[in-house]
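Below: the structure, in structure tokens.
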Amino acid sequence: MYDILKSTFLLFLFLFGTLLSVTAQDSIAVADTLALPVIEYSENNPKYHIAEITVTGAGNYEDFVLIGFSGLSVDDLISVPGDEITNAVKRFWKQGLFSDVKISATKIVDDKVWLNIALKERPKVSKVNYIGLKKGEIDDLKARLSISEGNQITPNISDRAKKVIEKFLSDKGFLNVVANVYQRNDPDKPGSVIVDIDVDKKIKTKVHKIYIAGNEALSHLKVDLAMKKTNENNLINFFRTKKFVTEEFEKDKAALIEKYNEVGYRDAYIVSDSVVTYDDKRVDVYLTVDEGQKYYFGDIKWIGNTLYPYQQLDVILGVKKGDVYNHKYLMGRLLTDEGTAVSKLYQDQGYLFSQIDPVEVLIVGDTINFEMRIYEGEPAIINNVSIKGNERVYEHVVRRELRTRPGELYSQSEIMRTLRELAQMGHFDPENLKPDIQPDPENGTVDITYELTTKSSDQIEFSAGWGATGVVGSIGLKFSNFAIQNLFHPSTYRIVPQGEGQTFALNARTSGQAYSSFSLSFLEPWLGGKRPNSLSASVYYSTQSTISKRYLTSMQNLYSSGYGYGGYGGYGGYGGYGDYGDYGGAYNQSYLDYDPGRYLRTIGVSLGYGQRLSWPDDYFGFYGELSYQLFMLKDWYAQVLPMTEGVFHNLSLNLTLNRTSIDNPIYTRKGSQFSLGLKLTPPYSLINGKDYSQTMSDQERYRWIEYHKWSFSGKMFTPLTSNNKALVLMTRLLFSYVGNYTENLKSPFETFNMGGDGMSAYTSYGTDYIAMRGYESGSLTPYNSTTNSFSGYLYDKFTMELRYPLSLEQSATIYVLGFLEAGNCFSTIKQFNPFDLKRSAGIGVRIFLPMFGMMGIDWGYGFDTVSGTRGGSQFHFVLGQEL
């Protein structure tokens, strides 16, 4: 009984305590609710001083920062309710960082109010997934979108992202793209979301057909060609884009009207246009044009010209009365044609502030009369010339190339010439040479700043060629900013002393036991530092071994045993083009046995001097070089040279007249290069009294080598388009002839070996290797019965190349080319026939890397037969040299 009463009592106490607790909590909650001030809305709202401001719900931000956002401060006098609170809420919404904003009064005592700002943060992005896009498209869009990891995302950001994606892909021809931005909570990061950007590009939209009405002056084909990016899918537009892009369509409509203006239809305009869906991936384009009437140029009168007579200006303008009206041509001749515009005539004389305004003064029927109103102004004087971006050479090395100097009259031509000279230095990116011209009309002066982008022009050369002894490997170092003056100043060293723009080069080549060489050269482009006169010097050594007699004996025994024999002629025995039977190549390259005791060794030195000329113009230059070569032969192979033993001397003078006006040494768009050279030795046979028709030893006949060698090279570059990535036509003519002073003394040296890629260009016995794509190395070299060797004494070569750049970046210049080539090599001038040419065609690619120089590969097809074999398909590698 006692236990029952005790349990009942304890249960009563528990229930009573629980009831008191709940009642107390409810009382506190009610008390708190009742403690909040009651805000009454009326026309005359009471004003309070802010006693305190607190912030809740925004743990990622400091309170003082958020209070600053609100625009409210302690002790401010505000109306409750009032505009101050409303404006504070708007400011938070404007930040886009919060999904909920509330400002409440937690307490009001007398004239003071306590405020609480309750915020709810938007989630942050923890990860972004792109669906339906390629990597390149994602990389391009990331910079345009405002969605990235660690940032918050708002509905406005999502909507904007969809529009940006649709616009981006529309410009690429995807007109039906659907983009969505989805958010989902990140289970690993509370308060963060994963964003999925889902893009359905659909099918790229292309132009099916263009329908044009009202066109009579321009055919449908001309209309199609005038529109650069909006083109029908037909054979004529095979290499042009056929996708439809709204932005490009608008540009093409303007281009069409411009084309009408070019053929005299000054008032032409597009009446209407529409784009109609043809199917799910193509659209039809409809255009209606009003051509108006055709106009012609009438009288042209010059007003304000005092420097030049109107007759001279008329000739430069090139527009005559009765010519078809062409607004583009008119403005080009007046202002924009590079090098030939009327405005350039004034600017080259210092009149930088001159202006030319063509005014239509009278229209009579279809004829428009013009007044060319000229404001000549005063000549502009160069005030200051600055250089920016030069981090490679000493400033005086750059300044000596400038054609614009303080105190001189401004000249547009001299600025363009300066840019060319800076490009030719090789130390700056030629694609980013920019003159910043700042005229000051009030003072009649102009400041010029040359903005340069430094690039490294030092090179490490690794090359491999196919020579008469097989594979020839080459390694070289070229320092194009050498400074011999700093040789004893170690602080200027960057591997070698640098800063003066001199060139120092080392080169070594070898094909193992058969051949090796070493060369060293130096060039000072400004001897003395005041004039562009160059000084060059070089020294080189080479040694070449021939096949051992043991190997020759074994091959003769092999032939005697009945194996096929392909002819042991010329260079055939050691890797040329006369091989032993069907497997001669294998013996010639892989199993040849070279005897170092049978050699041809060459030591050479040269010293040259060059000078820039001022007549006929300062694009001309003259170069003279004195060189000496010593040839040492021992038991040498008789069919390469007529002699096998002895020591022979080659003392020669090389004179070259050249003219170079190209704009860019790497990817040339315009300009030309011409050179006329003569290399000659003293005429020993005319002064020593010997009769060379008599029998004498090779040592006596050729002790002092004599010849005269004439050469001509011409190359022209013509841009076929006017944009920076210009399609360029390169044409080239090469001709060279080696003559002799005496009929019975024909030099076995300084001859030509023609065919292949020219990469066999080691000249241990004074042979020039001439490339001819589409044919095997040396295959166009004739056999000369006089010297009993394969050697050419005259060659001609014609080349046409069409070049187009894929990349013009400083890191790599890349262009593709197609070529037509013709040429031949002859053993005597009597055999020369300018129409007897071996023809070829092909394609190729070139890559210029600053560290390694020019590299490339060509495929050529030879159309003609040489020694009974058609040239056929050939691949040629390019490392450093030009084909």
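So you can find residues: chains in the structure tokens are A, B, ... in the order shown, residues in each start at 1, and ligands are numbered from 1 in order.
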Give me the residues within 12 Å of Tyr493 of chain A as a PDB file with all heavy atoms, in the first residue's frame, counting only C-alpha atoms and dropping any in the same chain fewer than 4 places off.
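Final file, result-v7.pdb:
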```
ATOM      1  N   PHE A 479      73.858  33.250 -82.137  1.00  0.00           N
ATOM      2  CA  PHE A 479      73.562  34.338 -81.209  1.00  0.00           C
ATOM      3  C   PHE A 479      73.458  35.625 -82.025  1.00  0.00           C
ATOM      4  O   PHE A 479      74.462  36.128 -82.547  1.00  0.00           O
ATOM      5  CB  PHE A 479      74.657  34.451 -80.149  1.00  0.00           C
ATOM      6  CG  PHE A 479      74.848  33.197 -79.343  1.00  0.00           C
ATOM      7  CD1 PHE A 479      75.860  32.304 -79.658  1.00  0.00           C
ATOM      8  CD2 PHE A 479      74.003  32.902 -78.287  1.00  0.00           C
ATOM      9  CE1 PHE A 479      76.040  31.138 -78.930  1.00  0.00           C
ATOM     10  CE2 PHE A 479      74.170  31.735 -77.548  1.00  0.00           C
ATOM     11  CZ  PHE A 479      75.188  30.849 -77.870  1.00  0.00           C
ATOM     12  N   ASN A 481      72.413  38.611 -80.978  1.00  0.00           N
ATOM     13  CA  ASN A 481      72.540  39.852 -80.216  1.00  0.00           C
ATOM     14  C   ASN A 481      73.883  39.871 -79.491  1.00  0.00           C
ATOM     15  O   ASN A 481      73.994  40.287 -78.349  1.00  0.00           O
ATOM     16  CB  ASN A 481      71.380  39.972 -79.211  1.00  0.00           C
ATOM     17  CG  ASN A 481      71.332  41.328 -78.550  1.00  0.00           C
ATOM     18  OD1 ASN A 481      71.761  42.331 -79.120  1.00  0.00           O
ATOM     19  ND2 ASN A 481      70.810  41.370 -77.338  1.00  0.00           N
ATOM     20  N   PHE A 482      74.889  39.410 -80.182  1.00  0.00           N
ATOM     21  CA  PHE A 482      76.228  39.304 -79.616  1.00  0.00           C
ATOM     22  C   PHE A 482      76.828  40.703 -79.423  1.00  0.00           C
ATOM     23  O   PHE A 482      76.451  41.659 -80.121  1.00  0.00           O
ATOM     24  CB  PHE A 482      77.102  38.477 -80.555  1.00  0.00           C
ATOM     25  CG  PHE A 482      78.414  38.041 -79.964  1.00  0.00           C
ATOM     26  CD1 PHE A 482      78.453  37.056 -79.003  1.00  0.00           C
ATOM     27  CD2 PHE A 482      79.603  38.613 -80.386  1.00  0.00           C
ATOM     28  CE1 PHE A 482      79.661  36.635 -78.464  1.00  0.00           C
ATOM     29  CE2 PHE A 482      80.815  38.206 -79.858  1.00  0.00           C
ATOM     30  CZ  PHE A 482      80.842  37.218 -78.898  1.00  0.00           C
ATOM     31  N   ALA A 483      77.740  40.812 -78.476  1.00  0.00           N
ATOM     32  CA  ALA A 483      78.426  42.088 -78.225  1.00  0.00           C
ATOM     33  C   ALA A 483      79.893  41.793 -77.961  1.00  0.00           C
ATOM     34  O   ALA A 483      80.293  41.521 -76.827  1.00  0.00           O
ATOM     35  CB  ALA A 483      77.792  42.821 -77.047  1.00  0.00           C
ATOM     36  N   ILE A 484      80.696  41.871 -79.005  1.00  0.00           N
ATOM     37  CA  ILE A 484      82.114  41.577 -78.845  1.00  0.00           C
ATOM     38  C   ILE A 484      82.800  42.621 -77.974  1.00  0.00           C
ATOM     39  O   ILE A 484      83.825  42.354 -77.334  1.00  0.00           O
ATOM     40  CB  ILE A 484      82.790  41.474 -80.229  1.00  0.00           C
ATOM     41  CG1 ILE A 484      84.133  40.743 -80.099  1.00  0.00           C
ATOM     42  CG2 ILE A 484      82.935  42.843 -80.879  1.00  0.00           C
ATOM     43  CD1 ILE A 484      84.759  40.406 -81.431  1.00  0.00           C
ATOM     44  N   GLN A 485      82.200  43.835 -77.896  1.00  0.00           N
ATOM     45  CA  GLN A 485      82.768  44.881 -77.043  1.00  0.00           C
ATOM     46  C   GLN A 485      82.703  44.503 -75.571  1.00  0.00           C
ATOM     47  O   GLN A 485      83.472  45.015 -74.750  1.00  0.00           O
ATOM     48  CB  GLN A 485      82.018  46.204 -77.249  1.00  0.00           C
ATOM     49  CG  GLN A 485      82.137  46.777 -78.655  1.00  0.00           C
ATOM     50  CD  GLN A 485      81.008  46.331 -79.570  1.00  0.00           C
ATOM     51  OE1 GLN A 485      80.545  45.213 -79.465  1.00  0.00           O
ATOM     52  NE2 GLN A 485      80.591  47.225 -80.457  1.00  0.00           N
ATOM     53  N   ASN A 486      81.745  43.608 -75.222  1.00  0.00           N
ATOM     54  CA  ASN A 486      81.567  43.220 -73.827  1.00  0.00           C
ATOM     55  C   ASN A 486      82.240  41.892 -73.497  1.00  0.00           C
ATOM     56  O   ASN A 486      81.892  41.253 -72.506  1.00  0.00           O
ATOM     57  CB  ASN A 486      80.069  43.114 -73.503  1.00  0.00           C
ATOM     58  CG  ASN A 486      79.376  44.462 -73.604  1.00  0.00           C
ATOM     59  OD1 ASN A 486      79.987  45.503 -73.400  1.00  0.00           O
ATOM     60  ND2 ASN A 486      78.090  44.432 -73.925  1.00  0.00           N
ATOM     61  N   LEU A 487      83.174  41.484 -74.324  1.00  0.00           N
ATOM     62  CA  LEU A 487      83.809  40.186 -74.136  1.00  0.00           C
ATOM     63  C   LEU A 487      84.478  40.076 -72.770  1.00  0.00           C
ATOM     64  O   LEU A 487      84.520  39.003 -72.166  1.00  0.00           O
ATOM     65  CB  LEU A 487      84.835  39.953 -75.253  1.00  0.00           C
ATOM     66  CG  LEU A 487      85.273  38.511 -75.502  1.00  0.00           C
ATOM     67  CD1 LEU A 487      84.087  37.642 -75.861  1.00  0.00           C
ATOM     68  CD2 LEU A 487      86.323  38.467 -76.603  1.00  0.00           C
ATOM     69  N   PHE A 488      84.993  41.202 -72.259  1.00  0.00           N
ATOM     70  CA  PHE A 488      85.674  41.202 -70.975  1.00  0.00           C
ATOM     71  C   PHE A 488      84.839  41.862 -69.883  1.00  0.00           C
ATOM     72  O   PHE A 488      85.380  42.376 -68.893  1.00  0.00           O
ATOM     73  CB  PHE A 488      87.035  41.901 -71.105  1.00  0.00           C
ATOM     74  CG  PHE A 488      87.937  41.258 -72.132  1.00  0.00           C
ATOM     75  CD1 PHE A 488      88.137  41.865 -73.372  1.00  0.00           C
ATOM     76  CD2 PHE A 488      88.543  40.034 -71.866  1.00  0.00           C
ATOM     77  CE1 PHE A 488      88.948  41.277 -74.319  1.00  0.00           C
ATOM     78  CE2 PHE A 488      89.358  39.440 -72.818  1.00  0.00           C
ATOM     79  CZ  PHE A 488      89.554  40.057 -74.047  1.00  0.00           C
ATOM     80  N   HIS A 489      83.503  41.855 -70.079  1.00  0.00           N
ATOM     81  CA  HIS A 489      82.586  42.379 -69.069  1.00  0.00           C
ATOM     82  C   HIS A 489      81.588  41.275 -68.712  1.00  0.00           C
ATOM     83  O   HIS A 489      80.498  41.201 -69.295  1.00  0.00           O
ATOM     84  CB  HIS A 489      81.843  43.618 -69.565  1.00  0.00           C
ATOM     85  CG  HIS A 489      82.756  44.767 -69.882  1.00  0.00           C
ATOM     86  ND1 HIS A 489      83.397  44.900 -71.098  1.00  0.00           N
ATOM     87  CD2 HIS A 489      83.141  45.846 -69.143  1.00  0.00           C
ATOM     88  CE1 HIS A 489      84.129  45.999 -71.098  1.00  0.00           C
ATOM     89  NE2 HIS A 489      83.995  46.592 -69.917  1.00  0.00           N
ATOM     90  N   PRO A 497      78.330  37.388 -74.240  1.00  0.00           N
ATOM     91  CA  PRO A 497      78.067  38.829 -74.103  1.00  0.00           C
ATOM     92  C   PRO A 497      77.049  39.289 -75.130  1.00  0.00           C
ATOM     93  O   PRO A 497      77.162  38.980 -76.320  1.00  0.00           O
ATOM     94  CB  PRO A 497      79.441  39.466 -74.325  1.00  0.00           C
ATOM     95  CG  PRO A 497      80.236  38.433 -75.058  1.00  0.00           C
ATOM     96  CD  PRO A 497      79.734  37.111 -74.577  1.00  0.00           C
ATOM     97  N   GLN A 498      76.036  40.034 -74.681  1.00  0.00           N
ATOM     98  CA  GLN A 498      74.943  40.417 -75.571  1.00  0.00           C
ATOM     99  C   GLN A 498      74.624  41.890 -75.444  1.00  0.00           C
ATOM    100  O   GLN A 498      74.986  42.553 -74.481  1.00  0.00           O
ATOM    101  CB  GLN A 498      73.696  39.579 -75.260  1.00  0.00           C
ATOM    102  CG  GLN A 498      73.883  38.096 -75.499  1.00  0.00           C
ATOM    103  CD  GLN A 498      72.568  37.353 -75.599  1.00  0.00           C
ATOM    104  OE1 GLN A 498      71.533  37.940 -75.880  1.00  0.00           O
ATOM    105  NE2 GLN A 498      72.609  36.047 -75.388  1.00  0.00           N
ATOM    106  N   GLY A 499      73.905  42.404 -76.473  1.00  0.00           N
ATOM    107  CA  GLY A 499      73.409  43.769 -76.406  1.00  0.00           C
ATOM    108  C   GLY A 499      73.661  44.616 -77.633  1.00  0.00           C
ATOM    109  O   GLY A 499      72.983  45.614 -77.854  1.00  0.00           O
TER     110      GLY A 499
END
```
Write out as a ChimeraX atom specification which residues come within 7 Å of segment 266-280 of chain A when counting only C-alpha atoms, dropping same-chain ones fewer than 3 positions away. /A:257,260-261,283-292,295
I need the residues from that last selection saved to file as an mmCIF file, in the first residue's frame (with N, CA, C and O atoms), if you can.
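Wrote part_18.cif, looks like this:
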```cif
data_model
loop_
_atom_site.group_PDB
_atom_site.id
_atom_site.type_symbol
_atom_site.label_atom_id
_atom_site.label_comp_id
_atom_site.auth_asym_id
_atom_site.auth_seq_id
_atom_site.Cartn_x
_atom_site.Cartn_y
_atom_site.Cartn_z
ATOM 1 N N ILE A 257 25.789 46.594 -100.500
ATOM 2 C CA ILE A 257 25.559 47.993 -100.891
ATOM 3 C C ILE A 257 26.874 48.658 -101.274
ATOM 4 O O ILE A 257 26.940 49.449 -102.226
ATOM 5 N N TYR A 260 27.670 47.735 -104.760
ATOM 6 C CA TYR A 260 26.882 48.536 -105.700
ATOM 7 C C TYR A 260 27.499 49.925 -105.870
ATOM 8 O O TYR A 260 27.578 50.458 -106.984
ATOM 9 N N ASN A 261 27.948 50.516 -104.752
ATOM 10 C CA ASN A 261 28.587 51.833 -104.826
ATOM 11 C C ASN A 261 29.843 51.799 -105.675
ATOM 12 O O ASN A 261 30.196 52.785 -106.334
ATOM 13 N N VAL A 283 18.437 27.432 -94.006
ATOM 14 C CA VAL A 283 17.515 28.564 -94.169
ATOM 15 C C VAL A 283 17.664 29.128 -95.577
ATOM 16 O O VAL A 283 18.707 28.991 -96.217
ATOM 17 N N ASP A 284 16.621 29.746 -96.043
ATOM 18 C CA ASP A 284 16.647 30.506 -97.289
ATOM 19 C C ASP A 284 16.707 31.987 -96.960
ATOM 20 O O ASP A 284 16.060 32.456 -96.008
ATOM 21 N N VAL A 285 17.493 32.717 -97.729
ATOM 22 C CA VAL A 285 17.656 34.154 -97.527
ATOM 23 C C VAL A 285 17.017 34.884 -98.702
ATOM 24 O O VAL A 285 17.312 34.585 -99.870
ATOM 25 N N TYR A 286 16.133 35.839 -98.399
ATOM 26 C CA TYR A 286 15.438 36.613 -99.427
ATOM 27 C C TYR A 286 15.863 38.078 -99.311
ATOM 28 O O TYR A 286 15.845 38.662 -98.220
ATOM 29 N N LEU A 287 16.284 38.658 -100.421
ATOM 30 C CA LEU A 287 16.694 40.058 -100.477
ATOM 31 C C LEU A 287 15.996 40.747 -101.641
ATOM 32 O O LEU A 287 15.879 40.179 -102.728
ATOM 33 N N THR A 288 15.569 41.971 -101.386
ATOM 34 C CA THR A 288 15.035 42.817 -102.449
ATOM 35 C C THR A 288 15.816 44.117 -102.447
ATOM 36 O O THR A 288 15.927 44.772 -101.398
ATOM 37 N N VAL A 289 16.394 44.466 -103.590
ATOM 38 C CA VAL A 289 17.218 45.672 -103.671
ATOM 39 C C VAL A 289 16.610 46.664 -104.644
ATOM 40 O O VAL A 289 15.905 46.295 -105.590
ATOM 41 N N ASP A 290 16.890 47.922 -104.356
ATOM 42 C CA ASP A 290 16.577 49.007 -105.298
ATOM 43 C C ASP A 290 17.918 49.593 -105.712
ATOM 44 O O ASP A 290 18.596 50.235 -104.916
ATOM 45 N N GLU A 291 18.320 49.349 -106.966
ATOM 46 C CA GLU A 291 19.649 49.750 -107.396
ATOM 47 C C GLU A 291 19.754 51.246 -107.654
ATOM 48 O O GLU A 291 20.835 51.834 -107.514
ATOM 49 N N GLY A 292 18.684 51.890 -108.016
ATOM 50 C CA GLY A 292 18.765 53.291 -108.404
ATOM 51 C C GLY A 292 19.468 53.435 -109.739
ATOM 52 O O GLY A 292 19.654 52.471 -110.482
ATOM 53 N N TYR A 295 25.777 56.302 -111.708
ATOM 54 C CA TYR A 295 26.368 57.632 -111.725
ATOM 55 C C TYR A 295 27.804 57.576 -112.258
ATOM 56 O O TYR A 295 28.467 56.535 -112.230
#
```
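Near Trp93 of chain A, within 12 Å and counting only C-alpha atoms, sit Phe69, Ser70, Thr86, Asn87, Ala88, Phe98, Ser99, Asp100, Val101, Lys102, Leu119, Lys120, Glu121, Arg122, Thr154 and Asn156 of chain A, not including residues fewer than 5 positions from it in the same chain.
Using only C-alpha atoms, the smallest distance between any of A:Leu145, A:Leu676, A:Leu651, A:Ile415 and Leu626 of chain A comes from A:Leu651.
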Residues within 9 Å of segment 824-831 of chain A, please, as a PyMOL selection string. Count only C-alpha atoms; anything in the same chain fewer than 6 positions from it doesn't count. chain A and resi 737+739+752-755+772+780-785+790-797+837-839
Take the residues from that selection and write them out as an mmCIF file, in the first residue's frame, keeping N, CA, C and O atoms.
```
data_model
loop_
_atom_site.group_PDB
_atom_site.id
_atom_site.type_symbol
_atom_site.label_atom_id
_atom_site.label_comp_id
_atom_site.auth_asym_id
_atom_site.auth_seq_id
_atom_site.Cartn_x
_atom_site.Cartn_y
_atom_site.Cartn_z
ATOM 1 N N TYR A 737 75.858 30.918 -113.642
ATOM 2 C CA TYR A 737 76.739 30.367 -114.672
ATOM 3 C C TYR A 737 78.178 30.447 -114.198
ATOM 4 O O TYR A 737 78.618 31.477 -113.661
ATOM 5 N N GLY A 739 81.954 30.259 -115.632
ATOM 6 C CA GLY A 739 82.747 30.317 -116.856
ATOM 7 C C GLY A 739 84.229 30.156 -116.590
ATOM 8 O O GLY A 739 84.683 30.150 -115.440
ATOM 9 N N PHE A 752 77.448 23.123 -109.800
ATOM 10 C CA PHE A 752 76.093 23.017 -109.255
ATOM 11 C C PHE A 752 75.639 21.559 -109.219
ATOM 12 O O PHE A 752 75.905 20.793 -110.149
ATOM 13 N N ASN A 753 74.952 21.224 -108.144
ATOM 14 C CA ASN A 753 74.313 19.925 -107.991
ATOM 15 C C ASN A 753 72.828 20.195 -107.780
ATOM 16 O O ASN A 753 72.443 20.782 -106.773
ATOM 17 N N MET A 754 71.968 19.789 -108.723
ATOM 18 C CA MET A 754 70.569 20.210 -108.725
ATOM 19 C C MET A 754 69.631 19.026 -108.550
ATOM 20 O O MET A 754 69.823 17.964 -109.127
ATOM 21 N N GLY A 755 68.580 19.244 -107.749
ATOM 22 C CA GLY A 755 67.564 18.233 -107.523
ATOM 23 C C GLY A 755 67.355 17.964 -106.055
ATOM 24 O O GLY A 755 68.284 18.081 -105.244
ATOM 25 N N MET A 772 65.311 21.339 -106.121
ATOM 26 C CA MET A 772 64.303 21.224 -107.182
ATOM 27 C C MET A 772 63.309 20.167 -106.736
ATOM 28 O O MET A 772 63.566 18.961 -106.820
ATOM 29 N N LEU A 780 69.168 16.027 -111.350
ATOM 30 C CA LEU A 780 69.200 16.908 -112.529
ATOM 31 C C LEU A 780 70.608 17.374 -112.866
ATOM 32 O O LEU A 780 70.791 18.198 -113.764
ATOM 33 N N THR A 781 71.613 16.862 -112.161
ATOM 34 C CA THR A 781 72.989 17.255 -112.426
ATOM 35 C C THR A 781 73.536 16.469 -113.621
ATOM 36 O O THR A 781 73.528 15.241 -113.611
ATOM 37 N N PRO A 782 74.022 17.141 -114.661
ATOM 38 C CA PRO A 782 74.511 16.422 -115.856
ATOM 39 C C PRO A 782 75.935 15.898 -115.672
ATOM 40 O O PRO A 782 76.681 16.371 -114.812
ATOM 41 N N TYR A 783 76.274 14.929 -116.508
ATOM 42 C CA TYR A 783 77.646 14.425 -116.513
ATOM 43 C C TYR A 783 78.474 15.285 -117.452
ATOM 44 O O TYR A 783 78.072 15.583 -118.573
ATOM 45 N N ASN A 784 79.624 15.714 -116.954
ATOM 46 C CA ASN A 784 80.486 16.586 -117.732
ATOM 47 C C ASN A 784 81.708 15.799 -118.194
ATOM 48 O O ASN A 784 82.525 15.345 -117.386
ATOM 49 N N SER A 785 81.829 15.633 -119.516
ATOM 50 C CA SER A 785 82.930 14.830 -120.061
ATOM 51 C C SER A 785 84.274 15.526 -119.934
ATOM 52 O O SER A 785 85.322 14.876 -119.887
ATOM 53 N N PHE A 790 80.122 14.382 -112.504
ATOM 54 C CA PHE A 790 78.776 14.940 -112.527
ATOM 55 C C PHE A 790 78.846 16.350 -111.952
ATOM 56 O O PHE A 790 79.028 16.538 -110.755
ATOM 57 N N SER A 791 78.690 17.330 -112.799
ATOM 58 C CA SER A 791 78.795 18.725 -112.351
ATOM 59 C C SER A 791 78.090 19.631 -113.344
ATOM 60 O O SER A 791 78.234 19.481 -114.561
ATOM 61 N N GLY A 792 77.293 20.553 -112.821
ATOM 62 C CA GLY A 792 76.612 21.521 -113.659
ATOM 63 C C GLY A 792 77.337 22.847 -113.657
ATOM 64 O O GLY A 792 77.850 23.295 -112.624
ATOM 65 N N TYR A 793 77.353 23.491 -114.807
ATOM 66 C CA TYR A 793 78.025 24.787 -114.931
ATOM 67 C C TYR A 793 77.046 25.916 -115.221
ATOM 68 O O TYR A 793 77.459 27.071 -115.310
ATOM 69 N N LEU A 794 75.782 25.571 -115.346
ATOM 70 C CA LEU A 794 74.763 26.602 -115.574
ATOM 71 C C LEU A 794 73.422 26.006 -115.160
ATOM 72 O O LEU A 794 73.126 24.848 -115.448
ATOM 73 N N TYR A 795 72.618 26.800 -114.464
ATOM 74 C CA TYR A 795 71.264 26.345 -114.141
ATOM 75 C C TYR A 795 70.321 27.539 -114.144
ATOM 76 O O TYR A 795 70.720 28.695 -113.952
ATOM 77 N N ASP A 796 69.043 27.250 -114.381
ATOM 78 C CA ASP A 796 67.990 28.245 -114.228
ATOM 79 C C ASP A 796 66.827 27.587 -113.496
ATOM 80 O O ASP A 796 66.628 26.372 -113.551
ATOM 81 N N LYS A 797 66.072 28.414 -112.800
ATOM 82 C CA LYS A 797 64.982 27.880 -111.987
ATOM 83 C C LYS A 797 63.912 28.951 -111.825
ATOM 84 O O LYS A 797 64.221 30.123 -111.564
ATOM 85 N N LEU A 837 63.021 22.609 -119.605
ATOM 86 C CA LEU A 837 62.801 22.713 -118.175
ATOM 87 C C LEU A 837 62.164 21.449 -117.626
ATOM 88 O O LEU A 837 61.310 20.833 -118.280
ATOM 89 N N LYS A 838 62.567 21.071 -116.437
ATOM 90 C CA LYS A 838 61.933 19.985 -115.715
ATOM 91 C C LYS A 838 60.903 20.596 -114.772
ATOM 92 O O LYS A 838 61.218 21.491 -113.989
ATOM 93 N N ARG A 839 59.682 20.104 -114.848
ATOM 94 C CA ARG A 839 58.564 20.755 -114.161
ATOM 95 C C ARG A 839 58.089 19.929 -112.966
ATOM 96 O O ARG A 839 58.179 18.705 -112.962
#
```
Between atom CA of Asp171 of chain A and atom CA of Ser158 of chain A, what is the spacing in Å? 20.3 Å
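Taking only C-alpha atoms, the non-local environment of Pro155 of chain A within 12 Å (same-chain residues fewer than 5 positions away omitted) comprises Gly96, Leu97, Phe98, Ser99, Arg122, Pro123, Ser146, Ile147, Arg160, Ala161, Lys162, Asn180, Val181, Tyr182 and Gln183 of chain A.
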Coordinates-based distance that separates atom CA of Lys47 of chain A from atom CA of Gly82 of chain A (Å, one decimal): 8.8 Å
Contact residues around Trp710 of chain A with only C-alpha atoms at 7 Å, ignoring same-chain residues under 5 positions, as a VMD selection string: chain A and resid 677 to 679 736 to 738
Point out the residue among A:Ser685, A:Thr453, A:Ser747, A:Asn664 with the least atom-to-atom distance to Phe717 of chain A, counting only C-alpha atoms. A:Asn664
